[in-house]
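Peer 1: Got target-v6.txt for you, compact mmCIF, C-alpha atoms:
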# COMPACT_ATOMS: atom_id res chain seq x y z
CA MET A 277 1.19 2.99 20.98
CA ASN A 278 1.12 -0.64 19.95
CA ILE A 279 0.98 -1.20 16.18
CA LEU A 280 0.25 -4.25 14.07
CA TYR A 281 2.26 -3.95 10.87
CA LEU A 282 0.52 -6.33 8.49
CA ILE A 283 2.28 -7.21 5.23
CA THR A 284 0.04 -9.08 2.81
CA ALA A 285 1.76 -11.22 0.19
CA ARG A 286 -0.01 -14.01 -1.65
CA GLY A 287 1.85 -16.40 -3.91
CA GLY A 288 -0.35 -16.32 -6.99
CA SER A 289 0.70 -13.10 -8.73
CA LYS A 290 0.01 -13.38 -12.46
CA GLY A 291 1.36 -10.06 -13.78
CA VAL A 292 4.82 -10.71 -12.30
CA PRO A 293 5.22 -14.38 -11.29
CA LYS A 294 6.67 -14.81 -7.78
CA LYS A 295 6.46 -11.02 -7.51
CA ASN A 296 6.66 -10.73 -3.75
CA ILE A 297 10.06 -12.43 -3.52
CA ILE A 298 11.55 -11.30 -6.83
CA LYS A 299 14.79 -9.30 -6.55
CA LEU A 300 14.55 -5.51 -6.75
CA GLY A 301 18.01 -4.04 -6.32
CA GLU A 302 19.71 -6.09 -3.61
CA LEU A 303 16.50 -7.08 -1.83
CA PRO A 304 13.49 -9.29 -2.49
CA LEU A 305 10.41 -7.14 -2.95
CA ILE A 306 8.79 -8.12 0.36
CA ALA A 307 11.89 -7.08 2.33
CA TYR A 308 11.32 -3.38 1.65
CA LYS A 309 8.17 -3.17 3.77
CA ILE A 310 9.58 -5.50 6.44
CA ILE A 311 12.68 -3.34 6.89
CA SER A 312 10.62 -0.13 6.88
CA ALA A 313 8.39 -1.48 9.65
CA GLN A 314 11.41 -2.66 11.66
CA LYS A 315 12.96 0.82 11.55
CA CYS A 316 9.83 2.69 12.65
CA LYS A 317 9.95 4.59 15.92
CA TYR A 318 6.50 3.18 16.70
CA LYS A 319 7.22 -0.37 17.75
CA GLY A 320 4.82 -3.20 17.18
CA ARG A 321 4.40 -6.65 15.75
CA ILE A 322 5.35 -7.31 12.11
CA ILE A 323 3.34 -10.15 10.61
CA VAL A 324 3.30 -11.39 7.03
CA SER A 325 0.02 -12.90 5.85
CA THR A 326 0.77 -15.33 3.03
CA ASP A 327 -0.44 -18.60 1.57
CA ASN A 328 2.98 -19.44 0.11
CA LEU A 329 5.81 -21.25 1.93
CA ASP A 330 8.56 -19.69 -0.21
CA ILE A 331 7.30 -16.21 0.68
CA ALA A 332 7.06 -17.28 4.31
CA ASP A 333 10.71 -18.42 4.32
CA VAL A 334 11.94 -15.13 2.82
CA ALA A 335 9.81 -13.08 5.24
CA LYS A 336 11.26 -14.96 8.23
CA LYS A 337 14.79 -14.48 6.88
CA TYR A 338 14.27 -10.71 7.04
CA GLY A 339 12.84 -10.81 10.53
CA ALA A 340 9.06 -10.81 10.08
CA GLU A 341 6.70 -13.24 11.77
CA VAL A 342 4.66 -15.69 9.75
CA SER A 343 2.36 -16.70 12.57
CA PHE A 344 -0.19 -18.45 10.36
CA ILE A 345 -0.63 -19.54 6.76
CA ARG A 346 -3.41 -17.67 5.03
CA PRO A 347 -6.32 -19.95 4.06
CA ASP A 348 -6.80 -20.70 0.36
CA TYR A 349 -10.11 -18.84 0.10
CA LEU A 350 -8.26 -15.61 1.00
CA ALA A 351 -5.51 -16.19 -1.57
CA THR A 352 -7.47 -16.12 -4.83
CA ASP A 353 -7.49 -13.39 -7.49
CA THR A 354 -10.90 -12.29 -6.26
CA ALA A 355 -10.21 -12.35 -2.53
CA ASN A 356 -11.02 -9.07 -0.78
CA SER A 357 -7.99 -7.50 0.91
CA MET A 358 -10.21 -6.21 3.71
CA ASP A 359 -11.13 -9.81 4.51
CA VAL A 360 -7.41 -10.62 4.65
CA VAL A 361 -6.85 -7.82 7.18
CA GLU A 362 -9.86 -8.92 9.24
CA HIS A 363 -8.60 -12.51 9.26
CA ALA A 364 -5.20 -11.39 10.60
CA MET A 365 -6.77 -9.18 13.26
CA GLN A 366 -9.02 -11.98 14.45
CA TRP A 367 -6.02 -14.30 14.67
CA ILE A 368 -4.19 -11.69 16.76
CA GLU A 369 -7.13 -11.27 19.13
CA ASN A 370 -7.40 -15.02 19.58
CA ASN A 371 -3.68 -15.60 20.11
CA ASP A 372 -2.19 -12.47 21.67
CA ASP A 373 -3.04 -10.96 25.05
CA ARG A 374 -1.71 -7.54 24.03
CA LYS A 375 -4.07 -4.85 22.78
CA TYR A 376 -3.29 -2.96 19.58
CA ASP A 377 -4.07 0.67 18.87
CA TYR A 378 -3.61 0.68 15.09
CA VAL A 379 -3.31 -1.71 12.18
CA CYS A 380 -0.92 -0.58 9.43
CA LEU A 381 -1.34 -2.43 6.12
CA LEU A 382 1.85 -2.47 4.05
CA GLU A 383 1.56 -4.04 0.61
CA PRO A 384 4.85 -5.25 -0.94
CA SER A 385 3.81 -4.21 -4.46
CA SER A 386 4.36 -0.55 -3.46
CA PRO A 387 7.82 -1.00 -1.96
CA PHE A 388 9.22 2.50 -1.57
CA ALA A 389 7.39 3.76 1.53
CA SER A 390 10.27 4.25 3.95
CA TYR A 391 10.24 4.14 7.73
CA GLU A 392 10.19 7.96 7.66
CA ASP A 393 6.96 7.85 5.63
CA ILE A 394 5.39 5.40 8.07
CA ASN A 395 6.56 7.44 11.07
CA LYS A 396 5.07 10.64 9.63
CA SER A 397 1.85 8.83 8.74
CA LEU A 398 1.44 7.50 12.27
CA ASP A 399 2.30 10.94 13.68
CA LEU A 400 -0.53 12.38 11.57
CA ILE A 401 -3.23 9.90 12.47
CA ILE A 402 -2.37 9.98 16.18
CA LYS A 403 -2.06 13.78 16.41
CA ASN A 404 -5.35 14.34 14.60
CA LYS A 405 -7.22 11.47 16.28
CA ALA A 406 -8.31 10.31 12.85
CA ASP A 407 -9.98 6.99 12.11
CA THR A 408 -7.77 6.20 9.14
CA LEU A 409 -4.91 7.44 6.97
CA LEU A 410 -4.19 6.62 3.32
CA GLY A 411 -1.07 7.06 1.21
CA LEU A 412 -1.70 9.27 -1.83
CA LYS A 413 0.09 10.69 -4.86
CA LYS A 414 -0.82 13.62 -7.08
CA VAL A 415 -2.41 12.66 -10.41
CA GLY A 416 -1.09 14.17 -13.61
CA VAL A 417 -4.47 14.32 -15.38
CA ASN A 418 -7.57 16.12 -14.10
CA ARG A 419 -10.75 14.07 -13.91
CA CYS A 420 -12.44 16.16 -16.63
CA PHE A 421 -10.03 14.63 -19.17
CA ILE A 422 -11.01 11.09 -18.17
CA ASN A 423 -14.16 9.53 -19.55
CA LYS A 424 -15.71 6.47 -21.14
CA LEU A 425 -16.24 6.04 -24.85
CA ASP A 426 -19.89 6.33 -25.81
CA GLU A 427 -22.03 3.43 -27.06
CA GLU A 428 -20.72 3.92 -30.62
CA GLY A 429 -17.10 3.96 -29.50
CA LYS A 430 -16.85 7.70 -30.09
CA LEU A 431 -15.85 10.69 -27.96
CA SER A 432 -19.16 12.43 -27.30
CA ASN A 433 -18.75 12.02 -23.52
CA PHE A 434 -15.52 14.00 -23.73
CA TYR A 435 -17.24 16.72 -25.75
CA TYR A 436 -20.00 17.20 -23.17
CA SER A 437 -17.51 17.10 -20.31
CA LEU A 438 -15.20 19.72 -21.82
CA LYS A 439 -17.41 21.99 -23.92
CA ASP A 440 -18.04 24.54 -21.15
CA LYS A 441 -14.52 24.56 -19.82
CA LYS A 442 -12.91 27.92 -20.54
CA LYS A 443 -9.42 26.87 -19.52
CA LEU A 444 -7.97 23.50 -20.35
CA ARG A 445 -4.38 23.93 -19.22
CA ARG A 446 -3.28 21.46 -16.55
CA GLN A 447 -1.93 24.24 -14.32
CA ASP A 448 -5.36 25.90 -14.20
CA PHE A 449 -6.93 23.02 -12.27
CA ASP A 450 -6.72 22.33 -8.56
CA PRO A 451 -4.47 19.37 -7.74
CA GLU A 452 -6.16 15.99 -7.40
CA TYR A 453 -4.89 12.82 -5.78
CA THR A 454 -5.22 9.06 -5.97
CA LEU A 455 -4.33 6.20 -3.65
CA ASN A 456 -0.77 4.99 -4.17
CA GLY A 457 -1.06 1.64 -2.36
CA CYS A 458 1.91 2.42 -0.09
CA ILE A 459 0.34 2.91 3.33
CA TYR A 460 -3.05 2.15 4.87
CA ILE A 461 -3.58 2.81 8.59
CA SER A 462 -6.68 2.44 10.73
CA SER A 463 -7.37 2.57 14.41
CA TRP A 464 -7.96 -0.98 15.57
CA LYS A 465 -11.44 -0.11 16.78
CA TYR A 466 -12.51 1.61 13.55
CA PHE A 467 -11.44 -1.26 11.30
CA GLU A 468 -12.96 -3.82 13.65
CA GLU A 469 -16.31 -2.03 13.37
CA ASN A 470 -16.24 -0.97 9.70
CA LYS A 471 -13.94 -3.41 7.84
CA THR A 472 -12.45 -0.62 5.72
CA PHE A 473 -9.66 1.95 5.63
CA HIS A 474 -12.03 4.60 4.24
CA SER A 475 -13.59 7.07 6.64
CA ILE A 476 -15.08 10.55 6.81
CA ASN A 477 -12.44 11.24 9.46
CA SER A 478 -9.45 10.23 7.33
CA PHE A 479 -6.16 12.00 6.60
CA PRO A 480 -3.84 11.80 3.57
CA TYR A 481 -0.13 11.19 3.50
CA ILE A 482 1.08 12.50 0.15
CA MET A 483 4.17 10.96 -1.42
CA LYS A 484 6.30 11.79 -4.45
CA ASP A 485 5.54 9.99 -7.71
CA GLU A 486 8.82 8.09 -7.82
CA TYR A 487 8.27 6.66 -4.33
CA SER A 488 4.64 5.81 -5.15
CA ILE A 489 5.32 3.25 -7.85
CA GLU A 490 3.13 0.13 -7.78
CA ILE A 491 4.52 -3.06 -9.28
CA ASP A 492 1.75 -4.91 -11.08
CA GLU A 493 3.32 -5.66 -14.47
CA PRO A 494 6.87 -6.47 -15.70
CA VAL A 495 7.27 -2.90 -17.02
CA ASP A 496 6.64 -1.56 -13.49
CA LEU A 497 9.39 -3.81 -12.13
CA GLU A 498 11.85 -2.62 -14.78
CA PHE A 499 10.96 1.00 -14.04
CA ALA A 500 11.54 0.44 -10.32
CA ARG A 501 14.95 -1.08 -11.12
CA PHE A 502 15.73 1.95 -13.29
CA LEU A 503 14.85 4.31 -10.42
CA ILE A 504 17.23 2.42 -8.12
CA ASP A 505 20.03 2.20 -10.70
CA LYS A 506 19.85 5.95 -11.34
CA ASN A 507 19.86 6.73 -7.60
CA ILE A 508 16.45 8.39 -7.89
CA ILE A 509 15.33 6.16 -5.01
CA ASN A 510 17.50 6.70 -1.95
CA MET A 511 18.36 3.19 -0.80
CA LYS A 512 19.72 4.40 2.56
CA TYR A 513 16.26 3.80 4.01
CA TRP A 514 16.59 0.03 3.54
CA LYS A 515 20.17 -0.46 4.66
CA LYS A 516 20.39 -2.70 7.73
Would it be possible to restate this file's structure as structure tokens?

Peer 2:
Amino acid sequence: MNILYLITARGGSKGVPKKNIIKLGELPLIAYKIISAQKCKYKGRIIVSTDNLDIADVAKKYGAEVSFIRPDYLATDTANSMDVVEHAMQWIENNDDRKYDYVCLLEPSSPFASYEDINKSLDLIIKNKADTLLGLKKVGVNRCFINKLDEEGKLSNFYYSLKDKKKLRRQDFDPEYTLNGCIYISSWKYFEENKTFHSINSFPYIMKDEYSIEIDEPVDLEFARFLIDKNIINMKYWKK
């Protein structure tokens, strides 16, 4: 199997300025996904798509390729990440004679997907001949407890949602899951044709909450540092 590991890291993060190269433990944030991809048993090409030269320098230092600088129109707050993936794939097809079986999107803001997680994810999608695979985590709140306020700012929507429920204990509901942002994998052909990682023929890779953290705000970064400091995150996965 030939894999494109694509790490997307734009320079304009507002929640945490310079987020993708900020230090988390002993490593800049972007290094976690680079090292995980390097350690995978499925070998491939590791490319960082960025618009920022500082990010590019750090990515190269840790052994990733920065084969192109992402155009400005794909580096705005409103840019679609699927367009970013498509842009990278088109660059690959125009500049590389090799054929790729899968594209694996690894976003730095969810740093704690280890090489073991990526290996198991690729095992799953290959074994099951799935179109795509998405990283998930279990949610702590069932969907029936989530609703909008009504037009008067009151809780009538909650009343109608819950009034016929006989049991309202969390343990009485089937587990539900949400995307954790850690791993997105698609067969090259499926993404080329559909421009998405969502598919009817898609498999989950479920991760623990502590490894599913997404860093969007300063409090997320501090929590991630806490997890490392307390040895809740096993840093052996990112040792060179």

Peer 1: Env of Ile508 (chain A): 10 Å cut, atoms = only C-alpha atoms, seq-sep filter 6 positions within chain, self excluded. Answer as a ChimeraX atom specification.

Peer 2: /A:486-487,500,502

Peer 1: So how far away is CA of Asp377 (chain A) from CA of Asn470 (chain A), in Å?

Peer 2: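 Spanning CA of Asn470 (chain A) to CA of Asp377 (chain A) is a straight-line distance of 15.3 Å.
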
Peer 1: So which one's closest to His474 (chain A), A:Asp407, A:Glu427, A:Glu341, A:Glu392? Using only C-alpha atoms, please.

Peer 2: A:Asp407

Peer 1: Measuring between only C-alpha atoms, which one of A:Gly320, A:Gly287, A:Ala313, A:Leu438 shows the shortest distance to Lys375 (chain A)?

Peer 2: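 When distances to Lys375 (chain A) are compared using only C-alpha atoms, the smallest one comes from A:Gly320.
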
Peer 1: Have a look at A:Trp514, A:Phe467, A:Tyr435, A:Phe449 and name the one nearest to Asn423 (chain A); count only C-alpha atoms.

Peer 2: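 Going through A:Trp514, A:Phe467, A:Tyr435, A:Phe449 one by one, the smallest distance to Asn423 (chain A) is for A:Tyr435.
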